[in-house]
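**Q** Got a file for you: protein13.txt, compact mmCIF, C-alpha atoms and all ligand atoms.
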```txt
# COMPACT_ATOMS: atom_id res chain seq x y z
CA SER S 97 155.30 38.61 187.96
CA VAL S 98 152.66 40.89 189.43
CA PRO S 99 150.48 42.33 186.65
CA THR S 100 150.53 46.12 186.67
CA PRO S 101 147.18 47.93 186.54
CA THR S 102 146.00 49.07 183.15
CA HIS S 103 146.65 52.76 182.56
CA GLU S 104 144.04 54.96 180.93
CA VAL S 105 146.64 56.72 178.78
CA ILE S 106 150.26 55.91 178.07
CA ILE S 107 152.24 58.56 176.20
CA ILE S 108 155.36 57.40 174.38
CA GLY S 109 157.86 60.24 174.00
CA SER S 110 158.51 63.45 175.89
CA GLY S 111 159.07 66.26 173.42
CA PRO S 112 156.66 69.20 173.16
CA ALA S 113 153.94 66.95 171.68
CA GLY S 114 154.12 64.26 174.37
CA LEU S 115 154.42 66.67 177.29
CA THR S 116 151.55 68.84 176.06
CA ALA S 117 149.43 65.69 175.69
CA ALA S 118 150.52 64.84 179.25
CA ILE S 119 149.49 68.25 180.64
CA TYR S 120 146.07 68.04 179.01
CA SER S 121 145.35 64.44 179.95
CA ALA S 122 146.64 64.95 183.51
CA ARG S 123 144.31 67.93 183.91
CA ALA S 124 141.47 65.72 182.60
CA ASP S 125 142.29 63.42 185.53
CA LEU S 126 143.43 60.56 183.28
CA LYS S 127 146.69 60.11 185.25
CA PRO S 128 148.85 59.61 182.16
CA LEU S 129 152.02 57.59 182.26
CA ILE S 130 154.75 59.09 180.10
CA ILE S 131 157.50 56.79 178.97
CA GLU S 132 159.99 59.53 178.25
CA GLY S 133 162.82 57.57 176.66
CA GLU S 134 166.36 57.11 177.85
CA PRO S 135 169.43 59.14 177.06
CA SER S 136 171.29 56.90 174.63
CA SER S 137 172.99 59.35 172.30
CA THR S 138 172.99 63.08 171.74
CA SER S 139 170.39 62.83 169.01
CA ASP S 140 168.13 60.54 171.01
CA GLN S 141 167.09 61.66 174.45
CA PRO S 142 164.11 62.56 176.60
CA GLY S 143 162.78 66.00 175.72
CA GLY S 144 163.34 65.55 172.01
CA GLN S 145 164.94 67.87 169.53
CA LEU S 146 164.66 71.02 171.67
CA MET S 147 167.24 69.45 173.96
CA LEU S 148 169.68 70.00 171.09
CA THR S 149 169.01 73.71 170.74
CA THR S 150 170.14 76.75 172.66
CA ASP S 151 168.04 79.89 172.23
CA VAL S 152 164.41 79.44 171.20
CA GLU S 153 162.93 82.78 170.21
CA ASN S 154 159.77 81.74 168.39
CA PHE S 155 157.89 79.87 171.11
CA PRO S 156 155.05 82.23 172.08
CA GLY S 157 155.03 83.44 175.65
CA PHE S 158 158.77 84.05 176.00
CA PRO S 159 159.42 87.59 174.76
CA GLU S 160 163.09 87.36 175.75
CA GLY S 161 163.47 83.84 174.33
CA VAL S 162 164.11 80.67 176.27
CA MET S 163 166.76 77.96 176.16
CA GLY S 164 165.46 74.75 174.53
CA PRO S 165 166.36 72.50 177.49
CA ASP S 166 164.78 74.99 179.95
CA LEU S 167 161.57 75.03 177.93
CA MET S 168 161.43 71.24 178.08
CA ALA S 169 162.18 71.20 181.82
CA ASN S 170 159.28 73.62 182.31
CA MET S 171 156.88 71.48 180.27
CA ARG S 172 158.00 68.43 182.23
CA SER S 173 157.36 70.04 185.63
CA GLN S 174 154.03 71.39 184.41
CA ALA S 175 152.96 67.82 183.54
CA LEU S 176 154.21 66.51 186.89
CA ARG S 177 152.35 69.23 188.77
CA PHE S 178 149.03 67.85 187.51
CA GLY S 179 149.83 64.29 188.46
CA ALA S 180 151.39 62.87 185.32
CA GLU S 181 153.80 60.03 186.02
CA ILE S 182 157.06 60.06 184.06
CA ILE S 183 159.37 57.10 183.75
CA THR S 184 162.80 57.17 182.17
CA GLU S 185 162.62 54.03 180.10
CA LYS S 186 162.53 53.29 176.42
CA VAL S 187 159.72 51.32 174.82
CA SER S 188 161.18 48.27 173.08
CA LYS S 189 158.02 46.63 171.79
CA VAL S 190 154.30 47.31 171.47
CA ASN S 191 151.34 45.12 170.69
CA PHE S 192 148.36 47.12 169.48
CA SER S 193 146.42 44.06 168.28
CA ASN S 194 145.29 43.24 171.84
CA HIS S 195 143.22 45.53 174.00
CA PRO S 196 144.27 46.77 176.55
CA PHE S 197 147.31 47.65 174.45
CA GLU S 198 150.59 46.06 175.56
CA LEU S 199 153.96 47.77 175.89
CA TRP S 200 157.37 46.45 176.85
CA THR S 201 160.37 48.44 178.04
CA ASN S 202 162.75 45.49 178.17
CA ASN S 203 163.56 42.86 175.66
CA SER S 204 161.88 40.02 177.46
CA THR S 205 159.13 38.10 175.77
CA ASP S 206 157.23 37.67 179.04
CA GLU S 207 154.31 39.66 180.26
CA PRO S 208 154.12 43.23 178.95
CA THR S 209 155.67 45.85 181.22
CA TYR S 210 152.63 48.12 180.89
CA THR S 211 149.10 47.93 179.54
CA ALA S 212 146.87 50.83 178.53
CA ASN S 213 143.38 51.55 177.28
CA SER S 214 144.74 54.27 175.01
CA VAL S 215 148.17 55.18 173.72
CA ILE S 216 149.48 58.49 172.42
CA VAL S 217 152.53 58.12 170.18
CA SER S 218 154.81 61.15 170.23
CA THR S 219 158.20 59.63 169.49
CA GLY S 220 159.24 62.49 167.20
CA ALA S 221 161.71 62.52 164.38
CA ARG S 222 165.39 63.12 164.11
CA SER S 223 167.50 65.01 161.68
CA ILE S 224 169.89 62.77 159.86
CA MET S 225 173.39 63.91 160.79
CA LEU S 226 176.73 63.52 159.03
CA GLY S 227 178.12 61.32 161.77
CA LEU S 228 181.07 63.55 162.64
CA GLU S 229 182.43 63.63 166.16
CA ALA S 230 182.19 67.44 166.38
CA GLU S 231 178.43 67.41 165.75
CA ASN S 232 177.58 66.47 169.33
CA ARG S 233 179.75 69.27 170.66
CA LEU S 234 178.71 72.03 168.28
CA ILE S 235 174.99 71.47 167.81
CA GLY S 236 173.29 74.66 169.02
CA HIS S 237 176.64 76.46 168.80
CA GLY S 238 176.70 77.40 165.15
CA LEU S 239 175.61 73.97 164.00
CA SER S 240 171.89 73.67 163.35
CA THR S 241 169.33 71.43 161.71
CA CYS S 242 166.60 74.09 161.50
CA ALA S 243 166.89 77.28 159.46
CA THR S 244 163.47 78.51 160.56
CA CYS S 245 164.62 78.26 164.16
CA ASP S 246 168.13 79.62 163.91
CA GLY S 247 168.48 81.67 160.72
CA PHE S 248 167.92 84.88 162.61
CA PHE S 249 171.15 84.38 164.59
CA PHE S 250 173.30 84.54 161.45
CA ARG S 251 172.62 88.05 160.24
CA ASP S 252 175.43 89.31 157.95
CA GLN S 253 177.47 86.16 158.44
CA GLU S 254 178.87 83.61 156.02
CA ILE S 255 177.31 80.21 156.49
CA ALA S 256 176.85 76.89 154.69
CA VAL S 257 174.15 74.30 154.15
CA VAL S 258 174.87 70.62 153.52
CA GLY S 259 172.58 68.69 151.16
CA GLY S 260 171.16 68.73 147.66
CA GLY S 261 167.46 68.04 148.21
CA ASP S 262 164.47 70.34 148.56
CA SER S 263 165.16 70.84 152.28
CA ALA S 264 168.72 72.04 151.69
CA LEU S 265 167.65 74.52 149.02
CA GLU S 266 164.66 75.72 150.99
CA GLU S 267 166.87 76.30 154.03
CA ALA S 268 169.50 78.07 151.94
CA ILE S 269 166.92 80.37 150.36
CA PHE S 270 165.45 81.19 153.77
CA LEU S 271 168.91 81.76 155.25
CA SER S 272 169.84 84.14 152.43
CA ARG S 273 167.47 86.67 154.01
CA PHE S 274 169.86 86.99 156.94
CA ALA S 275 173.29 85.75 155.98
CA SER S 276 175.67 87.69 153.76
CA LYS S 277 176.61 84.49 151.92
CA VAL S 278 175.24 80.96 151.87
CA THR S 279 177.29 78.12 150.39
CA ILE S 280 175.49 74.89 149.56
CA ILE S 281 177.82 71.93 149.97
CA HIS S 282 176.64 68.94 147.96
CA ARG S 283 178.29 65.56 147.49
CA ARG S 284 177.40 65.29 143.79
CA ASP S 285 177.23 67.72 140.88
CA GLU S 286 173.51 67.27 140.41
CA LEU S 287 170.76 68.35 142.76
CA ARG S 288 168.01 66.06 143.93
CA ALA S 289 165.71 69.05 144.59
CA SER S 290 162.77 69.98 142.36
CA LYS S 291 163.50 72.12 139.32
CA ILE S 292 161.67 75.14 140.68
CA MET S 293 163.70 75.13 143.90
CA GLN S 294 166.89 74.68 141.86
CA GLN S 295 166.02 77.73 139.77
CA ARG S 296 165.32 79.82 142.84
CA ALA S 297 168.57 78.85 144.50
CA LEU S 298 170.67 79.23 141.34
CA ASN S 299 169.21 82.70 140.74
CA ASN S 300 169.78 83.85 144.30
CA PRO S 301 172.82 86.16 144.33
CA LYS S 302 173.70 85.27 147.92
CA ILE S 303 173.78 81.51 147.27
CA SER S 304 176.75 79.69 145.79
CA PHE S 305 177.43 75.98 145.32
CA LEU S 306 180.34 73.74 146.20
CA TRP S 307 179.82 70.61 144.11
CA ASN S 308 181.24 67.12 144.65
CA SER S 309 182.18 68.02 148.18
CA THR S 310 181.75 66.30 151.51
CA VAL S 311 182.31 67.75 154.96
CA GLU S 312 185.19 65.88 156.57
CA GLU S 313 185.45 67.90 159.71
CA ILE S 314 183.73 70.78 161.45
CA ILE S 315 186.25 73.22 162.84
CA GLY S 316 185.68 75.04 166.12
CA GLU S 317 185.99 74.18 169.78
CA GLU S 318 183.09 76.11 171.27
CA LYS S 319 181.50 77.50 168.13
CA VAL S 320 181.55 76.62 164.46
CA ALA S 321 184.43 78.42 162.75
CA GLY S 322 184.69 76.50 159.49
CA VAL S 323 184.68 73.15 157.76
CA THR S 324 187.23 70.93 156.09
CA LEU S 325 185.97 69.67 152.76
CA CYS S 326 186.99 66.78 150.58
CA ASN S 327 186.48 66.81 146.83
CA THR S 328 184.85 63.49 145.91
CA LEU S 329 186.40 63.45 142.41
CA ASN S 330 190.07 64.03 143.18
CA GLY S 331 190.25 63.65 146.98
CA GLU S 332 191.64 67.17 147.42
CA ARG S 333 191.07 68.83 150.77
CA SER S 334 190.13 72.44 151.28
CA SER S 335 188.69 74.55 154.03
CA LEU S 336 185.87 77.06 154.21
CA ASP S 337 185.53 79.70 156.94
CA ILE S 338 181.93 79.93 158.13
CA SER S 339 180.24 80.78 161.41
CA GLY S 340 177.19 78.62 160.83
CA LEU S 341 176.57 75.17 159.34
CA PHE S 342 173.10 73.82 158.61
CA ILE S 343 172.68 70.10 158.05
CA ALA S 344 169.76 69.42 155.69
CA ILE S 345 170.26 65.86 154.50
CA GLY S 346 166.86 64.58 155.56
CA HIS S 347 164.82 63.56 158.59
CA ARG S 348 163.78 60.18 159.94
CA PRO S 349 160.68 59.68 162.07
CA ASN S 350 161.16 57.40 165.08
CA THR S 351 158.66 54.77 164.01
CA ASP S 352 160.57 51.47 163.77
CA LEU S 353 158.67 50.31 166.84
CA PHE S 354 155.35 50.53 165.00
CA ILE S 355 156.19 48.86 161.69
CA GLY S 356 153.44 46.43 160.73
CA GLN S 357 151.03 47.89 163.30
CA LEU S 358 150.48 51.56 162.48
CA ASN S 359 150.00 52.85 158.94
CA MET S 360 152.86 54.98 157.65
CA ASP S 361 153.70 56.89 154.50
CA GLU S 362 156.60 55.82 152.28
CA ASN S 363 159.05 57.75 154.48
CA GLY S 364 157.89 56.14 157.71
CA TYR S 365 155.78 59.02 159.06
CA LEU S 366 152.63 57.85 160.85
CA LEU S 367 149.40 58.53 159.00
CA THR S 368 146.76 60.32 161.04
CA GLY S 369 143.15 61.23 160.22
CA ALA S 370 142.46 64.59 158.61
CA ASP S 371 142.38 67.29 161.31
CA GLN S 372 142.77 64.75 164.08
CA SER S 373 145.31 62.50 165.73
CA THR S 374 143.66 59.14 165.07
CA THR S 375 145.67 56.26 163.60
CA ASN S 376 144.46 53.06 161.94
CA ILE S 377 144.10 51.49 165.41
CA GLU S 378 141.18 52.78 167.46
CA GLY S 379 142.49 54.10 170.76
CA VAL S 380 146.01 54.78 169.45
CA PHE S 381 146.73 58.42 168.65
CA ALA S 382 149.78 60.16 167.18
CA CYS S 383 151.02 63.72 167.47
CA GLY S 384 154.07 65.86 166.81
CA ASP S 385 156.87 65.29 164.34
CA VAL S 386 156.29 61.53 164.19
CA GLN S 387 153.30 62.35 161.97
CA ASP S 388 154.32 65.77 160.63
CA HIS S 389 157.00 66.15 157.99
CA LYS S 390 155.74 69.56 156.98
CA TYR S 391 155.80 72.05 159.84
CA ARG S 392 158.19 70.45 162.37
CA GLN S 393 157.97 73.26 164.91
CA ALA S 394 157.84 72.99 168.69
CA ILE S 395 154.63 74.98 168.75
CA THR S 396 152.89 72.86 166.09
CA ALA S 397 154.02 69.72 167.92
CA ALA S 398 152.62 71.10 171.18
CA GLY S 399 149.36 71.99 169.42
CA SER S 400 148.99 68.51 167.99
CA GLY S 401 149.79 67.04 171.43
CA CYS S 402 146.82 68.95 172.79
CA MET S 403 144.67 67.55 169.97
CA ALA S 404 145.78 63.99 170.72
CA ALA S 405 144.97 64.36 174.41
CA LEU S 406 141.48 65.67 173.61
CA ASP S 407 140.92 62.93 171.00
CA ALA S 408 142.07 60.27 173.49
CA GLU S 409 139.88 61.71 176.24
CA ARG S 410 136.77 61.56 174.03
CA TRP S 411 137.62 58.12 172.79
CA LEU S 412 138.03 56.84 176.37
CA GLU S 413 134.68 58.33 177.37
CA ASN S 414 132.95 56.37 174.59
CA PHE S 415 134.93 53.25 175.37
CA HIS S 416 133.89 53.27 179.04
CA ASP S 417 130.26 54.04 178.14
CA LYS S 418 129.96 50.89 176.06
P1 LIG C 1 166.14 64.24 150.41
O1 LIG C 1 165.27 64.60 149.27
O2 LIG C 1 166.29 62.83 150.80
O3 LIG C 1 167.57 64.87 150.11
C1 LIG C 1 168.64 64.64 150.95
C2 LIG C 1 169.87 65.28 150.34
O4 LIG C 1 170.95 65.13 151.26
C3 LIG C 1 170.30 64.63 149.03
O5 LIG C 1 170.74 65.62 148.12
C4 LIG C 1 171.44 63.72 149.45
O6 LIG C 1 172.45 63.61 148.48
C5 LIG C 1 172.02 64.45 150.63
N1 LIG C 1 172.61 63.54 151.60
C6 LIG C 1 172.04 62.47 152.20
N2 LIG C 1 172.88 61.89 153.06
C7 LIG C 1 174.02 62.60 153.00
C8 LIG C 1 175.26 62.50 153.65
N3 LIG C 1 175.51 61.55 154.56
N4 LIG C 1 176.21 63.41 153.34
C9 LIG C 1 175.99 64.38 152.45
N5 LIG C 1 174.83 64.54 151.79
C10 LIG C 1 173.86 63.65 152.06
O7 LIG C 1 165.66 64.99 151.78
P2 LIG C 1 164.96 66.39 151.96
O8 LIG C 1 165.60 67.42 151.15
O9 LIG C 1 164.89 66.57 153.44
O10 LIG C 1 163.50 66.17 151.42
C11 LIG C 1 162.65 65.11 151.91
C12 LIG C 1 161.33 65.12 151.15
O11 LIG C 1 160.59 66.29 151.48
C13 LIG C 1 161.52 65.15 149.64
O12 LIG C 1 160.49 64.40 149.04
C14 LIG C 1 161.37 66.60 149.30
O13 LIG C 1 160.94 66.83 147.97
C15 LIG C 1 160.33 67.05 150.31
N6 LIG C 1 160.47 68.50 150.62
C16 LIG C 1 159.83 69.40 149.83
C17 LIG C 1 159.96 70.77 150.05
C18 LIG C 1 159.26 71.73 149.17
O14 LIG C 1 158.66 71.33 148.20
N7 LIG C 1 159.26 73.01 149.48
C19 LIG C 1 160.78 71.22 151.06
C20 LIG C 1 161.46 70.30 151.85
C21 LIG C 1 161.29 68.94 151.60
P3 LIG C 1 172.20 62.77 147.13
O15 LIG C 1 171.34 63.66 146.28
O16 LIG C 1 173.58 62.58 146.59
O17 LIG C 1 171.54 61.52 147.53
```
The structure in this file should be written as structure tokens.
**A**
Amino acid sequence: SVPTPTHEVIIIGSGPAGLTAAIYSARADLKPLIIEGEPSSTSDQPGGQLMLTTDVENFPGFPEGVMGPDLMANMRSQALRFGAEIITEKVSKVNFSNHPFELWTNNSTDEPTYTANSVIVSTGARSIMLGLEAENRLIGHGLSTCATCDGFFFRDQEIAVVGGGDSALEEAIFLSRFASKVTIIHRRDELRASKIMQQRALNNPKISFLWNSTVEEIIGEEKVAGVTLCNTLNGERSSLDISGLFIAIGHRPNTDLFIGQLNMDENGYLLTGADQSTTNIEGVFACGDVQDHKYRQAITAAGSGCMAALDAERWLENFHDK
């Protein structure tokens, strides 16, 4: 096969981090290639997690708010306008032990599909979901994975949070500022969350607990209207009327591709240098939720995408000077 020319920068992933990195590196004349991913399921598609939201009201610059998918379409056209190239493929394999770095978007063991002098990893993270059929239909319509993003929409309403870890309790406590009642649905009768969070949630008059309960079904055609619950001890079914359901059973970074090549923490998040986007491989940078389990906001992802582009640009300058 004909070898493709080596790219200066390849960006893997097309959420706010990847597209911001693309805008910056395109404007630095690095002609980035963005491998944006392929739509394979609702929770895994080009554009990242904002594709699963409706109204975004906390992204600066949009006083009236903006729809998540529109925001991503705008970022995408902004990157294209400056000469970024976007391909709708999914990276299946990387080899960061050779330079130029090698990337494959098919499962063949032949020549790499692409080679690059630098790579920016922005493959994001996903919220773990319950696996119910209604989730795809109702996400962004009363079903949410982000209290910070969507809590505001549930003023004076009765809502529920699924999970028993720190995330679930943190979300419930935050949501209690808006909602009239927050029910935490947990599959056991013991919380995994830290003691201090447990105390805060247990002492919060707006928060109540449904123990030993799993969500069997989310009710609602166009909007969440309630859930069907199953008691794990006696199998009894019950229903709960709510207008909002927050899933907080954990997140998973999309890093399987990099196992054995990039350093990760015990939960699979990529480790980056303090205040920078560097990884353990020189010339490979990481930004956005794939390396951030703390803030997880579109704006922080975009900010770190900018950092990665600037770090890559400087690194490439040194590399070509050698
Ligand atoms: P986590 O600690 O893994 O907790 C996940 C919770 O979801 C568990 O209670 C688990 O139940 C439940 N769960 C998992 N799969 C489920 C399913 N299919 N159906 C129903 N329930 C399910 O995740 P996390 O709360 O996102 O926290 C992740 C890490 O970040 C933790 O180390 C946590 O301490 C940290 N964190 C800290 C803070 C803070 O300090 N402010 C805030 C957020 C997160 P079981 O308990 O039965 O397994």
**Q** Could you list, as a PyMOL selection string, all protein and nucleic acid residues with an atom at most 6 Å from ligand LIG 1 (chain C), counting all atoms listed in the file?
**A** chain S and resi 226+259-264+266+283-284+287-288+345-347
**Q** In terms of the shortest atom-to-atom distance over only C-alpha atoms, which of S:Thr368, S:Phe248, S:Met171, S:Val311 is closest to Thr116 (chain S)?
**A**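 Counting only C-alpha atoms, the residue closest to Thr116 (chain S) is S:Met171.
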**Q** Which one is closest to Tyr210 (chain S): S:Lys291, S:Arg333, S:Lys189, S:Arg296? Count all atoms listed in the file.
**A**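 Closest to Tyr210 (chain S) of all the choices is S:Lys189.
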**Q** Got a sec to check which residues sit within 9 Å of (174.8, 87.5, 154.9), counting only C-alpha atoms, and write them as a list of chain:residue names?
**A**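 Counting only C-alpha atoms, I find these residues within 9 Å of (174.8, 87.5, 154.9): S:Phe250, S:Arg251, S:Asp252, S:Gln253, S:Glu254, S:Ile255, S:Leu271, S:Ser272, S:Arg273, S:Phe274, S:Ala275, S:Ser276, S:Lys277, S:Val278, S:Lys302.
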**Q** What's around Arg233 (chain S) at 10 Å? Count all atoms listed in the file, leave out sequence neighbours fewer than 5 positions away in its own chain, and write the answer as a PyMOL selection string.
**A** chain S and resi 138+228+239+316-320
**Q** Those residues with C-alpha atoms, as an mmCIF file, in the frame of the given file please?
**A**
```cif
data_model
loop_
_atom_site.group_PDB
_atom_site.id
_atom_site.type_symbol
_atom_site.label_atom_id
_atom_site.label_comp_id
_atom_site.auth_asym_id
_atom_site.auth_seq_id
_atom_site.Cartn_x
_atom_site.Cartn_y
_atom_site.Cartn_z
ATOM 1 C CA THR S 138 172.990 63.080 171.740
ATOM 2 C CA LEU S 228 181.070 63.550 162.640
ATOM 3 C CA LEU S 239 175.610 73.970 164.000
ATOM 4 C CA GLY S 316 185.680 75.040 166.120
ATOM 5 C CA GLU S 317 185.990 74.180 169.780
ATOM 6 C CA GLU S 318 183.090 76.110 171.270
ATOM 7 C CA LYS S 319 181.500 77.500 168.130
ATOM 8 C CA VAL S 320 181.550 76.620 164.460
#
```
**Q** For the atom pair CA of Phe342 (chain S) and CA of Arg172 (chain S), what is the interatomic distance in Å to one decimal place?
**A**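 One can read the CA of Phe342 (chain S) to CA of Arg172 (chain S) distance as 28.5 Å.
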**Q** Hey, can you check how far CA of Ile183 (chain S) sits from CA of Ile108 (chain S)?
**A**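 Rounded to one decimal, the two atoms are 10.2 Å apart.
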**Q** Using all atoms listed in the file, which protein or nucleic acid residues come within 7 Å of Gly164 (chain S)? Drop anything in the same chain fewer than 3 positions from it, and give the result as JSON, numbers by chain.
**A** {"S": [146, 147, 149, 150, 151, 152, 167, 168]}
**Q** Which protein, DNA or RNA residues are at most 9 Å from (161.6, 67.9, 179.8) in the file's coordinates when you count only C-alpha atoms, listed as a list in words?
**A** Ser110, Gly111, Pro112, Leu115, Glu132, Pro142, Gly143, Gly144, Met147, Pro165, Asp166, Leu167, Met168, Ala169, Asn170, Met171, Arg172 and Ser173 of chain S
**Q** So that I can see what lies close to Ser334 (chain S), please list as a PDB file with C-alpha atoms, keeping the file's coordinate frame the residues with an atom at most 8 Å from it, counting all atoms listed in the file and leaving out residues fewer than 6 positions away in the same chain.
**A**
```
ATOM      1  CA  THR S 324     187.230  70.930 156.090  1.00  0.00           C
ATOM      2  CA  LEU S 325     185.970  69.670 152.760  1.00  0.00           C
ATOM      3  CA  CYS S 326     186.990  66.780 150.580  1.00  0.00           C
TER       4      CYS S 326
END
```
**Q** CA of Leu336 (chain S) and CA of Ala321 (chain S) are how many Å apart?
**A**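 For CA of Leu336 (chain S) relative to CA of Ala321 (chain S), the distance reads 8.8 Å.
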**Q** Restricting the calculation to only C-alpha atoms, which member of S:Asp125, S:Glu313, S:Asp361, S:Asp385 is positioned closest to Ser223 (chain S)?
**A**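 Closest candidate: S:Asp385.
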**Q** Tell me which of S:Ser400, S:Thr219, S:Asn350, S:Asn154 sits closest to Ser373 (chain S), counting all atoms listed in the file.
**A**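 Among the listed residues, the smallest separation from Ser373 (chain S) belongs to S:Ser400.
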**Q** List the neighbours of Val380 (chain S) out to 12 Å using only C-alpha atoms; skip same-chain residues closer than 2 positions along the sequence, and give me the result as a ChimeraX atom specification.
**A** /S:104-108,190-198,212-218,354,357-359,366-369,372-378,382-383,404-405,407-409,411-412
**Q** My list of candidates is S:Ile395, S:Leu406, S:Ala256, S:Val187. Which is closest to Glu153 (chain S) when distances are computed with all atoms listed in the file?
**A**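 Using all atoms listed in the file, Glu153 (chain S) sits closest to S:Ile395.
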**Q** Name all residues at most 9 Å from Ser304 (chain S) (count all atoms listed in the file; drop same-chain ones fewer than 3 positions away) and give them as a tab-separated table (two decimals) with C-alpha atoms, in the frame of the given file.
**A**
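Ended up saving to part.tsv:
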```tsv
chain	number	residue	atom	x	y	z
S	277	LYS	CA	176.61	84.49	151.92
S	278	VAL	CA	175.24	80.96	151.87
S	279	THR	CA	177.29	78.12	150.39
S	280	ILE	CA	175.49	74.89	149.56
S	281	ILE	CA	177.82	71.93	149.97
S	297	ALA	CA	168.57	78.85	144.50
S	298	LEU	CA	170.67	79.23	141.34
S	300	ASN	CA	169.78	83.85	144.30
S	301	PRO	CA	172.82	86.16	144.33
```
**Q** Given all atoms listed in the file as the basis, pick out the residue of S:Tyr365, S:Phe415, S:Trp307, S:Tyr391 nearest to Cys245 (chain S).
**A**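 For Cys245 (chain S), the nearest of the given residues is S:Tyr391.
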